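Trainee: Dropping in run-v1.csv, with CSV, C-alpha atoms (C1' of nucleotides).
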chain,number,residue,atom,x,y,z
I,1,MET,CA,205.9,58.4,115.9
I,2,LEU,CA,203.8,55.5,117.1
I,3,LYS,CA,206.4,53.3,118.6
I,4,ILE,CA,206.8,51.3,121.8
I,5,ASN,CA,209.0,52.9,124.4
I,6,ARG,CA,212.4,51.9,125.5
I,7,GLN,CA,211.3,50.3,128.7
I,8,THR,CA,209.0,47.9,126.9
I,9,ASP,CA,211.9,46.9,124.7
I,10,TYR,CA,214.1,46.4,127.8
I,11,ALA,CA,211.4,44.4,129.5
I,12,VAL,CA,211.2,42.1,126.5
I,13,ARG,CA,215.0,41.5,126.7
I,14,VAL,CA,214.7,40.6,130.4
I,15,VAL,CA,212.0,38.0,129.9
I,16,LEU,CA,213.9,36.7,126.8
I,17,ALA,CA,217.0,36.3,128.8
I,18,LEU,CA,215.1,34.3,131.4
I,19,ALA,CA,213.3,32.3,128.8
I,20,ARG,CA,216.6,31.4,127.1
I,21,HIS,CA,217.9,29.9,130.4
I,22,GLY,CA,214.8,27.8,130.9
I,23,GLU,CA,211.7,27.9,133.0
I,24,GLY,CA,212.9,27.1,136.5
I,25,VAL,CA,216.2,29.0,136.4
I,26,ARG,CA,216.9,31.9,138.7
I,27,LEU,CA,219.1,34.7,137.4
I,28,ALA,CA,220.4,37.7,139.2
I,29,SER,CA,219.0,41.0,137.9
I,30,ARG,CA,222.6,42.2,137.4
I,31,GLU,CA,223.5,39.3,135.2
I,32,ILE,CA,220.6,40.0,132.9
I,33,GLN,CA,221.2,43.7,132.9
I,34,GLN,CA,224.8,43.1,131.7
I,35,GLU,CA,223.9,40.4,129.2
I,36,MET,CA,221.2,42.4,127.7
I,37,LEU,CA,222.9,45.8,127.8
I,38,ILE,CA,220.2,47.5,129.9
I,39,PRO,CA,221.1,50.8,131.6
I,40,PRO,CA,221.9,49.7,135.2
I,41,ALA,CA,219.9,52.4,136.8
I,42,LEU,CA,216.8,51.6,134.8
I,43,MET,CA,217.0,47.9,135.5
I,44,ALA,CA,215.5,48.2,139.0
I,45,ARG,CA,212.3,49.9,137.7
I,46,ILE,CA,211.9,47.3,134.9
I,47,VAL,CA,212.2,44.4,137.2
I,48,ALA,CA,209.8,45.9,139.7
I,49,GLN,CA,207.2,46.5,137.0
I,50,LEU,CA,207.6,43.0,135.6
I,51,ALA,CA,207.1,41.6,139.1
I,52,ARG,CA,204.1,43.8,139.7
I,53,ALA,CA,202.5,42.4,136.5
I,54,GLY,CA,203.2,38.9,137.6
I,55,LEU,CA,205.5,38.3,134.6
I,56,VAL,CA,208.5,37.3,136.8
I,57,ASN,CA,208.9,36.0,140.3
I,58,THR,CA,211.5,37.9,142.3
I,59,PHE,CA,213.6,36.7,145.3
I,60,ALA,CA,215.4,39.2,147.5
I,61,GLY,CA,218.4,38.5,149.6
I,62,ARG,CA,221.5,36.4,149.1
I,63,ASP,CA,221.2,34.2,146.0
I,64,GLY,CA,218.1,36.1,145.1
I,65,GLY,CA,217.1,36.9,141.5
I,66,LEU,CA,214.4,36.5,138.9
I,67,MET,CA,212.5,33.5,137.6
I,68,LEU,CA,209.8,32.9,135.2
I,69,PRO,CA,206.5,31.9,136.8
I,70,ARG,CA,205.4,29.9,133.9
I,71,HIS,CA,206.6,28.3,130.7
I,72,PRO,CA,207.8,30.7,128.0
I,73,SER,CA,205.1,29.4,125.7
I,74,GLN,CA,202.6,30.9,128.1
I,75,ILE,CA,204.0,34.4,128.0
I,76,THR,CA,203.4,36.6,125.0
I,77,LEU,CA,204.5,40.0,123.6
I,78,LYS,CA,201.1,41.3,124.4
I,79,ASP,CA,201.7,40.6,128.1
I,80,ILE,CA,204.8,42.7,128.2
I,81,VAL,CA,203.4,45.5,126.1
I,82,GLU,CA,200.2,45.8,128.2
I,83,ALA,CA,202.2,45.8,131.4
I,84,PHE,CA,204.4,48.6,130.2
I,85,GLU,CA,202.3,50.7,127.9
I,86,GLY,CA,199.1,50.2,129.8
I,87,PRO,CA,196.1,49.0,127.9
I,88,VAL,CA,196.7,49.8,124.2
I,89,LEU,CA,194.4,52.7,123.3
I,90,LEU,CA,195.1,54.1,119.9
I,91,SER,CA,192.6,57.0,120.1
I,92,GLU,CA,191.7,59.2,122.9
I,93,CYS,CA,188.0,58.4,122.2
I,94,LEU,CA,188.9,54.8,123.3
I,95,GLN,CA,189.8,56.1,126.7
I,96,GLY,CA,186.5,58.0,127.0
I,97,LYS,CA,188.5,61.3,127.2
I,98,GLY,CA,187.5,62.3,123.7
I,99,GLU,CA,184.0,63.6,124.3
I,100,LYS,CA,184.6,67.2,125.2
I,101,ASP,CA,186.2,68.5,122.1
I,102,CYS,CA,184.9,65.9,119.7
I,103,PRO,CA,182.5,67.2,117.1
I,104,PHE,CA,180.7,63.9,117.3
I,105,GLN,CA,180.7,63.7,121.0
I,106,SER,CA,180.0,60.3,122.3
I,107,ASN,CA,179.1,58.9,118.9
I,108,CYS,CA,182.3,59.3,117.0
I,109,PRO,CA,182.3,57.4,113.7
I,110,VAL,CA,186.0,57.0,113.8
I,111,ARG,CA,186.2,55.4,117.2
I,112,PRO,CA,185.1,51.9,116.3
I,113,LYS,CA,187.6,51.9,113.4
I,114,TRP,CA,190.5,52.6,115.8
I,115,GLY,CA,189.0,49.8,117.9
I,116,ARG,CA,189.4,47.4,114.9
I,117,VAL,CA,193.0,48.4,114.4
I,118,GLN,CA,193.7,48.0,118.0
I,119,VAL,CA,192.2,44.5,118.1
I,120,ALA,CA,194.3,43.5,115.1
I,121,MET,CA,197.4,44.6,116.8
I,122,LEU,CA,196.7,42.9,120.1
I,123,ARG,CA,195.7,39.7,118.3
I,124,GLU,CA,199.1,39.6,116.6
I,125,MET,CA,201.0,40.3,119.7
I,126,ALA,CA,199.1,37.7,121.6
I,127,SER,CA,200.2,35.1,119.1
I,128,ILE,CA,203.9,35.7,119.7
I,129,THR,CA,205.2,33.8,122.7
I,130,PHE,CA,208.6,33.8,124.3
I,131,GLU,CA,209.1,30.3,123.2
I,132,ASP,CA,208.9,31.6,119.6
I,133,LEU,CA,211.5,34.3,120.6
I,134,VAL,CA,213.8,31.8,122.1
I,135,LEU,CA,213.7,29.6,119.0
I,136,GLU,CA,214.2,32.6,116.8
I,137,SER,CA,217.1,33.6,118.9
I,138,LEU,CA,218.7,30.2,118.5
I,139,GLY,CA,218.7,30.8,114.8
I,140,ILE,CA,215.6,28.7,114.1
I,141,PRO,CA,213.0,31.1,112.7
I,142,MET,CA,209.5,29.7,112.9
I,143,THR,CA,207.9,31.9,110.5
I,144,ILE,CA,209.1,33.9,107.5
I,145,PRO,CA,208.4,37.5,108.5
I,146,SER,CA,207.2,39.6,105.6
I,147,PHE,CA,206.9,43.2,106.2
I,148,ALA,CA,206.3,46.0,103.8
G,1,MET,CA,201.1,54.9,126.0
G,2,LEU,CA,201.1,53.8,122.3
G,3,LYS,CA,198.5,56.1,120.9
G,4,ILE,CA,198.2,58.3,117.8
G,5,ASN,CA,198.8,62.0,118.4
G,6,ARG,CA,196.3,64.7,118.3
G,7,GLN,CA,197.3,66.1,115.0
G,8,THR,CA,196.6,62.7,113.3
G,9,ASP,CA,193.2,62.8,114.9
G,10,TYR,CA,192.5,66.3,113.7
G,11,ALA,CA,193.7,65.4,110.2
G,12,VAL,CA,191.2,62.5,110.1
G,13,ARG,CA,188.5,65.0,110.9
G,14,VAL,CA,189.6,67.3,108.1
G,15,VAL,CA,189.5,64.6,105.5
G,16,LEU,CA,186.2,63.3,106.9
G,17,ALA,CA,184.6,66.7,106.6
G,18,LEU,CA,185.7,66.9,103.0
G,19,ALA,CA,184.5,63.4,102.3
G,20,ARG,CA,181.1,64.2,103.8
G,21,HIS,CA,180.6,67.0,101.4
G,22,GLY,CA,181.6,64.9,98.4
G,23,GLU,CA,184.5,64.5,96.1
G,24,GLY,CA,184.7,67.7,94.0
G,25,VAL,CA,183.6,70.1,96.7
G,26,ARG,CA,185.9,72.9,97.8
G,27,LEU,CA,185.7,74.0,101.5
G,28,ALA,CA,187.5,76.8,103.2
G,29,SER,CA,190.0,75.7,105.8
G,30,ARG,CA,188.2,77.9,108.3
G,31,GLU,CA,184.8,76.3,107.8
G,32,ILE,CA,186.3,72.8,108.4
G,33,GLN,CA,188.1,74.1,111.4
G,34,GLN,CA,184.9,75.3,113.0
G,35,GLU,CA,182.8,72.4,112.0
G,36,MET,CA,185.3,69.9,113.4
G,37,LEU,CA,186.4,71.8,116.5
G,38,ILE,CA,190.0,72.0,115.6
G,39,PRO,CA,192.2,74.6,117.4
G,40,PRO,CA,192.4,77.5,114.9
G,41,ALA,CA,196.1,78.0,115.3
G,42,LEU,CA,196.8,74.3,114.6
G,43,MET,CA,194.7,74.1,111.5
G,44,ALA,CA,197.3,75.7,109.3
G,45,ARG,CA,199.9,73.1,110.1
G,46,ILE,CA,197.5,70.2,109.5
G,47,VAL,CA,196.3,71.5,106.2
G,48,ALA,CA,199.9,72.0,105.1
G,49,GLN,CA,200.9,68.5,106.0
G,50,LEU,CA,197.9,67.0,104.3
G,51,ALA,CA,198.7,68.9,101.2
G,52,ARG,CA,202.3,67.9,101.3
G,53,ALA,CA,201.3,64.3,101.5
G,54,GLY,CA,198.9,64.8,98.5
G,55,LEU,CA,195.9,63.9,100.6
G,56,VAL,CA,194.1,67.2,99.8
G,57,ASN,CA,194.5,69.8,97.1
G,58,THR,CA,194.7,73.4,98.3
G,59,PHE,CA,193.8,76.6,96.6
G,60,ALA,CA,195.1,79.9,97.9
G,61,GLY,CA,193.5,83.3,97.3
G,62,ARG,CA,189.9,84.4,97.3
G,63,ASP,CA,187.5,81.5,97.2
G,64,GLY,CA,190.4,79.2,97.9
G,65,GLY,CA,190.1,76.2,100.1
G,66,LEU,CA,190.6,72.5,100.3
G,67,MET,CA,189.4,69.7,98.1
G,68,LEU,CA,189.9,65.9,98.0
G,69,PRO,CA,192.1,64.9,95.1
G,70,ARG,CA,190.3,61.5,94.7
G,71,HIS,CA,187.2,59.6,95.8
G,72,PRO,CA,186.9,58.9,99.6
G,73,SER,CA,186.9,55.2,98.8
G,74,GLN,CA,190.5,55.7,97.7
G,75,ILE,CA,191.7,57.3,100.9
G,76,THR,CA,192.4,55.2,103.9
G,77,LEU,CA,193.2,55.6,107.6
G,78,LYS,CA,196.6,54.3,106.8
G,79,ASP,CA,197.3,57.2,104.5
G,80,ILE,CA,196.6,59.7,107.2
G,81,VAL,CA,198.5,57.9,109.9
G,82,GLU,CA,201.6,57.5,107.7
G,83,ALA,CA,201.5,61.1,106.7
G,84,PHE,CA,201.4,62.3,110.3
G,85,GLU,CA,203.2,59.7,112.3
G,86,GLY,CA,205.7,58.9,109.7
G,87,PRO,CA,206.2,55.3,108.7
G,88,VAL,CA,204.9,53.2,111.5
G,89,LEU,CA,207.9,51.6,113.2
G,90,LEU,CA,207.0,50.0,116.4
G,91,SER,CA,210.5,49.1,117.4
G,92,GLU,CA,213.7,51.1,117.1
G,93,CYS,CA,215.3,48.1,115.4
G,94,LEU,CA,212.9,48.6,112.6
G,95,GLN,CA,214.4,52.0,112.0
G,96,GLY,CA,217.9,50.5,111.9
G,97,LYS,CA,218.8,52.6,114.9
G,98,GLY,CA,218.8,49.6,117.2
G,99,GLU,CA,222.1,48.1,116.5
G,100,LYS,CA,224.4,50.0,118.8
G,101,ASP,CA,222.9,49.1,122.1
G,102,CYS,CA,221.2,45.9,121.1
G,103,PRO,CA,222.7,42.7,122.5
G,104,PHE,CA,221.8,40.9,119.4
G,105,GLN,CA,223.1,43.6,117.1
G,106,SER,CA,221.9,43.2,113.6
G,107,ASN,CA,220.3,39.8,114.3
G,108,CYS,CA,217.7,40.6,116.8
G,109,PRO,CA,215.2,37.9,117.2
G,110,VAL,CA,212.5,40.3,118.3
G,111,ARG,CA,212.7,42.5,115.3
G,112,PRO,CA,210.8,40.3,112.8
G,113,LYS,CA,208.1,39.9,115.4
G,114,TRP,CA,207.5,43.6,115.8
G,115,GLY,CA,207.4,43.6,112.0
G,116,ARG,CA,204.5,41.2,112.0
G,117,VAL,CA,202.6,43.3,114.5
G,118,GLN,CA,203.2,46.3,112.4
G,119,VAL,CA,202.0,44.6,109.3
G,120,ALA,CA,198.8,43.5,111.0
G,121,MET,CA,198.2,47.1,112.1
G,122,LEU,CA,198.8,48.6,108.7
G,123,ARG,CA,196.7,46.0,106.9
G,124,GLU,CA,193.8,46.9,109.1
G,125,MET,CA,194.2,50.6,108.7
G,126,ALA,CA,194.5,50.2,104.9
G,127,SER,CA,191.2,48.4,104.9
G,128,ILE,CA,189.3,51.4,106.4
G,129,THR,CA,188.4,54.0,103.8
G,130,PHE,CA,186.8,57.4,104.2
G,131,GLU,CA,183.8,56.2,102.4
G,132,ASP,CA,183.3,53.8,105.3
G,133,LEU,CA,183.7,56.7,107.7
G,134,VAL,CA,181.2,58.8,105.9
G,135,LEU,CA,178.7,56.0,106.0
G,136,GLU,CA,179.4,55.4,109.6
G,137,SER,CA,178.9,59.1,110.4
G,138,LEU,CA,175.6,59.4,108.6
G,139,GLY,CA,172.8,59.8,111.2
G,140,ILE,CA,175.2,60.8,113.9
G,141,PRO,CA,174.4,64.3,115.0
G,142,MET,CA,177.3,66.7,115.4
G,143,THR,CA,177.7,69.6,117.6
G,144,ILE,CA,176.7,72.9,116.1
G,145,PRO,CA,179.7,75.3,116.3
G,146,SER,CA,177.6,78.4,116.6
G,147,PHE,CA,176.0,77.1,119.8
G,148,ALA,CA,179.2,75.8,121.3
M,1,DA,C1',224.2,39.9,162.3
M,2,DT,C1',225.6,40.6,157.6
M,3,DC,C1',225.7,41.2,153.1
M,4,DA,C1',224.2,40.5,148.6
M,5,DT,C1',220.2,41.1,146.7
M,6,DG,C1',215.6,43.3,145.1
M,7,DT,C1',212.2,47.7,146.1
M,8,DT,C1',210.8,52.3,146.2
M,9,DT,C1',210.9,57.1,145.7
M,10,DA,C1',212.7,61.6,144.3
M,11,DT,C1',215.2,64.2,141.1
M,12,DT,C1',217.2,65.8,136.8
M,13,DA,C1',217.7,66.0,131.9
M,14,DA,C1',216.1,65.4,127.4
M,15,DA,C1',212.7,64.8,124.0
M,16,DT,C1',208.3,65.3,122.2
M,17,DC,C1',203.8,67.4,121.6
M,18,DA,C1',200.2,71.0,121.6
M,19,DA,C1',199.3,75.4,120.8
M,20,DT,C1',200.1,80.3,119.4
M,21,DC,C1',201.8,84.3,117.0
M,22,DA,C1',203.6,86.7,113.3
M,23,DA,C1',205.3,87.3,108.8
M,24,DT,C1',204.9,85.7,104.0
M,25,DT,C1',203.1,84.0,99.7
M,26,DT,C1',199.4,83.0,96.6
M,27,DC,C1',195.8,84.2,93.4
M,28,DA,C1',190.6,85.2,92.1
M,29,DT,C1',188.6,89.4,91.7
M,30,DT,C1',188.2,94.3,90.5
T,1,DA,C1',198.3,96.4,88.3
T,2,DA,C1',196.0,96.7,93.1
T,3,DT,C1',193.1,94.5,96.5
T,4,DG,C1',192.1,91.4,100.0
T,5,DA,C1',190.8,86.7,101.4
T,6,DA,C1',193.1,82.7,102.0
T,7,DA,C1',196.9,79.3,102.4
T,8,DT,C1',202.1,78.7,103.9
T,9,DT,C1',206.0,79.0,106.7
T,10,DG,C1',209.0,79.8,110.6
T,11,DA,C1',209.9,80.9,115.4
T,12,DT,C1',208.4,80.4,120.0
T,13,DT,C1',206.3,79.1,124.3
T,14,DG,C1',204.5,75.9,127.7
T,15,DA,C1',203.0,71.3,129.0
T,16,DT,C1',203.6,66.6,129.0
T,17,DT,C1',206.1,62.4,128.6
T,18,DT,C1',210.2,59.7,128.6
T,19,DA,C1',215.0,58.4,129.9
T,20,DA,C1',218.2,58.1,133.1
T,21,DT,C1',220.4,58.7,137.7
T,22,DA,C1',221.0,58.3,142.5
T,23,DA,C1',220.0,57.4,147.1
T,24,DA,C1',217.5,55.4,150.8
T,25,DC,C1',215.0,51.2,152.1
T,26,DA,C1',213.4,46.2,152.7
T,27,DT,C1',214.4,41.3,152.3
T,28,DG,C1',216.2,36.8,153.4
T,29,DA,C1',219.9,32.9,152.8
T,30,DT,C1',223.8,32.1,155.3
Could you express the structure from this file as structure tokens?
Mentor:
Amino acid sequence: MLKINRQTDYAVRVVLALARHGEGVRLASREIQQEMLIPPALMARIVAQLARAGLVNTFAGRDGGLMLPRHPSQITLKDIVEAFEGPVLLSECLQGKGEKDCPFQSNCPVRPKWGRVQVAMLREMASITFEDLVLESLGIPMTIPSFA
Amino acid sequence: MLKINRQTDYAVRVVLALARHGEGVRLASREIQQEMLIPPALMARIVAQLARAGLVNTFAGRDGGLMLPRHPSQITLKDIVEAFEGPVLLSECLQGKGEKDCPFQSNCPVRPKWGRVQVAMLREMASITFEDLVLESLGIPMTIPSFA
DNA sequence: ATCATGTTTATTAAATCAATCAATTTCATT
DNA sequence: AATGAAATTGATTGATTTAATAAACATGAT
């Protein structure tokens, strides 16, 4: 169906929650989980992955929690998607795995086209920052989205 | 992982095979299947779906086969992807299913952003025609099925 | 030391995808 | 009409991925 998975969606919510509270603010994982309606048991995994990707700083122990390592304007949708979906690779050729059963072998004419689609997608995602999302969430849309 | 599925890839090969032979030419499903290294048992499904989407005309019976209903320049990657992946909907919000467990309910700030990404993707795919693919494929040697 | 926190791993359940098989319908040809 | 090559459809299996849960572990302010 060509859609992002749930964890990516949840991860966006986590970062958005932090971004809404400001750059230096530390929030407990549990608060965010409740505010953003994330399945409790999944939250752990999501936080861990965000931390691994350097998208949040975590603090264990009493009064621990999560904090953004940089300003929301410096974190984009692309960051989250790549951390959770892996590098976006629309076609199997683009992973190099498509040479065994491909009639064109290593010279597939379709491959560079998928590459173009992928680049278009990534460019758009890289242009959307969490500052944008915070503003949007405050009811101040920056752009008029127009989708078919 | 955010990738197209195999059937979509196979479907592109089918249309590409037809496009390479020209607009009015009728090819047997079996020929294409062998030329493009498509699993025999899957071929039936793919042809059926292409036909259902109006992307090929099919003819049953003796000397039946497949034919393109229009010029390759009038068929795009987007056509194939939408026929096989359904409408591209990156986020569940975009399907309207995301209002139950979404903390923002019907007013999600992220939704229009996914919409933008989606549009960028579709626009790029719509700009790639099978005429382009045929040109790209000229001069690229293919595997010869009988030697495989 | 302790307790509230994040971290990690293993497991289960559900959904999706790839592939196959078998039965059916279509239709040019004879 | 009868034939037979070809497309169409439905049911089924196995593999892979994703979602969710639970339990054991590590951390660090107090």
Trainee: List the neighbours of I:Leu18 out to 9 Å using all atoms listed in the file; skip same-chain residues closer than 2 positions along the sequence, and give me the result as a list in words.
Mentor: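 So, after excluding close chain neighbours, the residues are Arg13, Val14, Val15, Leu16, Arg20, His21, Gly22, Glu23, Val25, Arg26, Leu27, Ile32, Leu66, Met67, Leu68 and Pro72 of chain I.
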Trainee: Would you work out the distance separating atom CA of I:Ser73 from atom CA of I:Phe130, expressed in Å to one decimal?
Mentor: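 Atom-to-atom, atom CA of I:Ser73 to atom CA of I:Phe130, that is 5.8 Å.
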Trainee: Report, in Å with one decimal, the straight-line distance from atom CA of I:Trp114 to atom CA of G:Cys93.
Mentor: 25.2 Å
Trainee: Just how far from atom CA of G:Tyr10 is atom C1' of T:DA19, in Å to one decimal?
Mentor: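 Calculated distance between atom C1' of T:DA19 and atom CA of G:Tyr10 is 28.8 Å.
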Trainee: Fit chain I to chain G, all Cα atoms paired in order, least squares. Then write it as a short mmCIF file (atom, residue, chain, number, x, y, z; two decimals) with C-alpha atoms, keeping the file's coordinate frame.
Mentor:
data_model
loop_
_atom_site.label_atom_id
_atom_site.label_comp_id
_atom_site.auth_asym_id
_atom_site.auth_seq_id
_atom_site.Cartn_x
_atom_site.Cartn_y
_atom_site.Cartn_z
CA MET I 1 201.61 57.96 126.16
CA LEU I 2 201.19 56.42 122.74
CA LYS I 3 198.82 58.81 121.15
CA ILE I 4 198.54 60.59 117.81
CA ASN I 5 199.59 64.20 117.84
CA ARG I 6 197.48 67.24 117.58
CA GLN I 7 198.31 67.96 114.00
CA THR I 8 197.07 64.57 112.87
CA ASP I 9 193.82 65.25 114.67
CA TYR I 10 193.58 68.68 112.98
CA ALA I 11 194.35 67.18 109.62
CA VAL I 12 191.53 64.71 110.06
CA ARG I 13 189.10 67.60 110.81
CA VAL I 14 190.20 69.39 107.62
CA VAL I 15 189.60 66.43 105.34
CA LEU I 16 186.29 65.73 107.21
CA ALA I 17 185.17 69.22 106.64
CA LEU I 18 185.88 68.87 102.93
CA ALA I 19 184.32 65.48 102.77
CA ARG I 20 181.13 66.78 104.43
CA HIS I 21 180.76 69.42 101.65
CA GLY I 22 181.16 66.87 98.90
CA GLU I 23 183.83 65.78 96.51
CA GLY I 24 184.10 68.62 94.02
CA VAL I 25 183.61 71.52 96.44
CA ARG I 26 186.30 74.10 97.03
CA LEU I 27 186.55 75.64 100.49
CA ALA I 28 188.76 78.39 101.68
CA SER I 29 191.34 77.29 104.26
CA ARG I 30 190.02 80.02 106.59
CA GLU I 31 186.50 78.73 106.47
CA ILE I 32 187.61 75.28 107.51
CA GLN I 33 189.94 76.58 110.14
CA GLN I 34 187.02 78.48 111.77
CA GLU I 35 184.50 75.68 111.38
CA MET I 36 186.78 73.16 112.80
CA LEU I 37 188.33 75.29 115.54
CA ILE I 38 191.93 74.87 114.33
CA PRO I 39 194.54 77.33 115.66
CA PRO I 40 194.85 79.86 112.77
CA ALA I 41 198.57 79.89 112.80
CA LEU I 42 198.84 76.14 112.58
CA MET I 43 196.37 75.87 109.74
CA ALA I 44 198.91 76.89 107.08
CA ARG I 45 201.33 74.04 108.00
CA ILE I 46 198.48 71.47 108.05
CA VAL I 47 197.21 72.42 104.69
CA ALA I 48 200.68 72.42 103.18
CA GLN I 49 201.38 68.94 104.53
CA LEU I 50 198.04 67.62 103.31
CA ALA I 51 198.81 69.02 99.86
CA ARG I 52 202.29 67.58 99.89
CA ALA I 53 200.79 64.11 100.60
CA GLY I 54 198.36 64.52 97.79
CA LEU I 55 195.39 64.34 100.19
CA VAL I 56 193.97 67.74 99.05
CA ASN I 57 194.31 69.85 95.97
CA THR I 58 195.11 73.48 96.74
CA PHE I 59 194.38 76.62 94.63
CA ALA I 60 196.13 79.89 95.39
CA GLY I 61 194.89 83.29 94.52
CA ARG I 62 191.47 84.89 94.51
CA ASP I 63 188.72 82.30 95.06
CA GLY I 64 191.40 79.81 95.87
CA GLY I 65 190.98 77.07 98.50
CA LEU I 66 191.06 73.34 99.08
CA MET I 67 189.39 70.43 97.35
CA LEU I 68 189.41 66.78 97.67
CA PRO I 69 191.18 64.98 94.83
CA ARG I 70 189.10 61.94 95.10
CA HIS I 71 185.93 60.58 96.61
CA PRO I 72 185.84 60.42 100.42
CA SER I 73 185.40 56.67 100.21
CA GLN I 74 188.87 56.54 98.74
CA ILE I 75 190.58 58.34 101.58
CA THR I 76 191.20 56.58 104.85
CA LEU I 77 192.45 57.35 108.39
CA LYS I 78 195.58 55.52 107.57
CA ASP I 79 196.34 58.04 104.81
CA ILE I 80 196.19 60.96 107.17
CA VAL I 81 198.07 59.25 109.95
CA GLU I 82 200.94 58.13 107.66
CA ALA I 83 201.21 61.59 106.17
CA PHE I 84 201.51 63.19 109.56
CA GLU I 85 203.18 60.67 111.79
CA GLY I 86 205.39 59.24 109.11
CA PRO I 87 205.36 55.53 108.60
CA VAL I 88 204.02 53.95 111.82
CA LEU I 89 206.98 52.30 113.56
CA LEU I 90 206.14 51.11 117.01
CA SER I 91 209.68 49.97 117.95
CA GLU I 92 212.96 51.46 117.20
CA CYS I 93 214.11 48.02 115.91
CA LEU I 94 211.50 48.56 113.10
CA GLN I 95 213.40 51.59 111.96
CA GLY I 96 216.70 49.67 111.90
CA LYS I 97 218.06 52.07 114.61
CA GLY I 98 217.83 49.42 117.29
CA GLU I 99 220.94 47.40 116.57
CA LYS I 100 223.58 49.21 118.53
CA ASP I 101 222.31 48.87 122.01
CA CYS I 102 220.13 45.84 121.49
CA PRO I 103 221.26 42.73 123.29
CA PHE I 104 219.96 40.73 120.39
CA GLN I 105 221.40 42.91 117.76
CA SER I 106 219.90 42.38 114.41
CA ASN I 107 217.93 39.33 115.48
CA CYS I 108 215.65 40.73 118.10
CA PRO I 109 212.87 38.32 119.08
CA VAL I 110 210.60 41.13 119.99
CA ARG I 111 210.80 42.96 116.71
CA PRO I 112 208.50 40.78 114.65
CA LYS I 113 205.89 40.96 117.44
CA TRP I 114 205.83 44.78 117.25
CA GLY I 115 205.54 44.26 113.49
CA ARG I 116 202.31 42.22 114.07
CA VAL I 117 200.84 44.91 116.27
CA GLN I 118 201.71 47.52 113.82
CA VAL I 119 200.06 45.63 110.94
CA ALA I 120 196.91 45.22 113.02
CA MET I 121 196.73 48.86 113.63
CA LEU I 122 197.30 49.92 110.05
CA ARG I 123 194.78 47.35 108.83
CA GLU I 124 192.12 48.91 111.05
CA MET I 125 192.91 52.39 110.05
CA ALA I 126 192.89 51.49 106.42
CA SER I 127 189.35 50.24 106.77
CA ILE I 128 188.01 53.57 108.00
CA THR I 129 187.22 55.94 105.16
CA PHE I 130 186.04 59.51 105.22
CA GLU I 131 182.78 58.44 103.83
CA ASP I 132 182.28 56.42 107.05
CA LEU I 133 183.23 59.62 109.02
CA VAL I 134 180.82 61.72 107.13
CA LEU I 135 177.96 59.29 107.74
CA GLU I 136 178.90 59.03 111.37
CA SER I 137 178.93 62.74 111.58
CA LEU I 138 175.44 62.95 110.15
CA GLY I 139 174.29 60.87 113.04
CA ILE I 140 174.18 57.60 111.10
CA PRO I 141 176.72 55.30 112.75
CA MET I 142 177.72 52.42 110.52
CA THR I 143 179.15 50.25 113.05
CA ILE I 144 178.65 49.82 116.79
CA PRO I 145 182.05 50.70 118.25
CA SER I 146 182.97 48.51 121.18
CA PHE I 147 185.98 49.46 123.05
CA ALA I 148 187.29 48.19 126.31
#
Trainee: Can you check which parts of chain M lie within 12 Å of chain G? Per residue, the shortest pair of atoms and distance in Å to one decimal, counting only C-alpha atoms (C1' of nucleotides), sorted by chain and number, as CSV.
Mentor:
residue,atom,partner,partner_atom,distance
M:DT16,C1',G:Asn5,CA,10.8
M:DC17,C1',G:Asn5,CA,8.0
M:DA18,C1',G:Arg6,CA,8.1
M:DA19,C1',G:Leu42,CA,6.8
M:DT20,C1',G:Ala41,CA,6.2
M:DC21,C1',G:Ala41,CA,8.7
M:DA22,C1',G:Ala41,CA,11.7
M:DT25,C1',G:Ala60,CA,9.2
M:DT26,C1',G:Ala60,CA,5.5
M:DC27,C1',G:Gly61,CA,4.6
M:DA28,C1',G:Arg62,CA,5.3
M:DT29,C1',G:Arg62,CA,7.6
Trainee: Output as a PyMOL selection string the set of chain G residues within 9 Å of chain I, with distances taken over only C-alpha atoms.
Mentor: chain G and resi 1-6+9+12-13+35-38+77+84-92+101-104+107-110+112-125+128+133-138+140-145
Trainee: Go through T:DC25, T:DA20, T:DA7, T:DA1 and flag the residue nearest chain I, using only C-alpha atoms (C1' of nucleotides) for the distances.
Mentor: T:DA20
Trainee: Compile a residue-level contact table for chain T against chain I at a cut-off of 10 Å, reporting for every qualifying residue the shortest atom pair and its distance in Å to one decimal, with all atoms listed in the file counted, rows ordered by chain and ascending number, as CSV.
Mentor:
residue,atom,partner,partner_atom,distance
T:DT18,C1',I:Asn5,CA,8.1
T:DA19,C1',I:Arg6,CA,8.3
T:DA20,C1',I:Leu42,CA,6.9
T:DT21,C1',I:Ala41,CA,6.4
T:DA22,C1',I:Ala41,CA,8.3
T:DA26,C1',I:Ala60,CA,8.9
T:DT27,C1',I:Ala60,CA,5.3
T:DG28,C1',I:Gly61,CA,4.7
T:DA29,C1',I:Arg62,CA,5.3
T:DT30,C1',I:Arg62,CA,7.9
Trainee: For T:DA23, work out the shell of residues within 12 Å, counting only C-alpha atoms (C1' of nucleotides) and skipping chain neighbours fewer than 5 positions away, then give it as a PDB file with C-alpha atoms (C1' of nucleotides), in the frame of the given file.
Mentor:
ATOM      1  CA  ALA I  41     219.900  52.400 136.800  1.00  0.00           C
TER       2      ALA I  41
ATOM      3  C1'  DT M   8     210.800  52.300 146.200  1.00  0.00           C
ATOM      4  C1'  DT M   9     210.900  57.100 145.700  1.00  0.00           C
ATOM      5  C1'  DA M  10     212.700  61.600 144.300  1.00  0.00           C
ATOM      6  C1'  DT M  11     215.200  64.200 141.100  1.00  0.00           C
TER       7       DT M  11
END
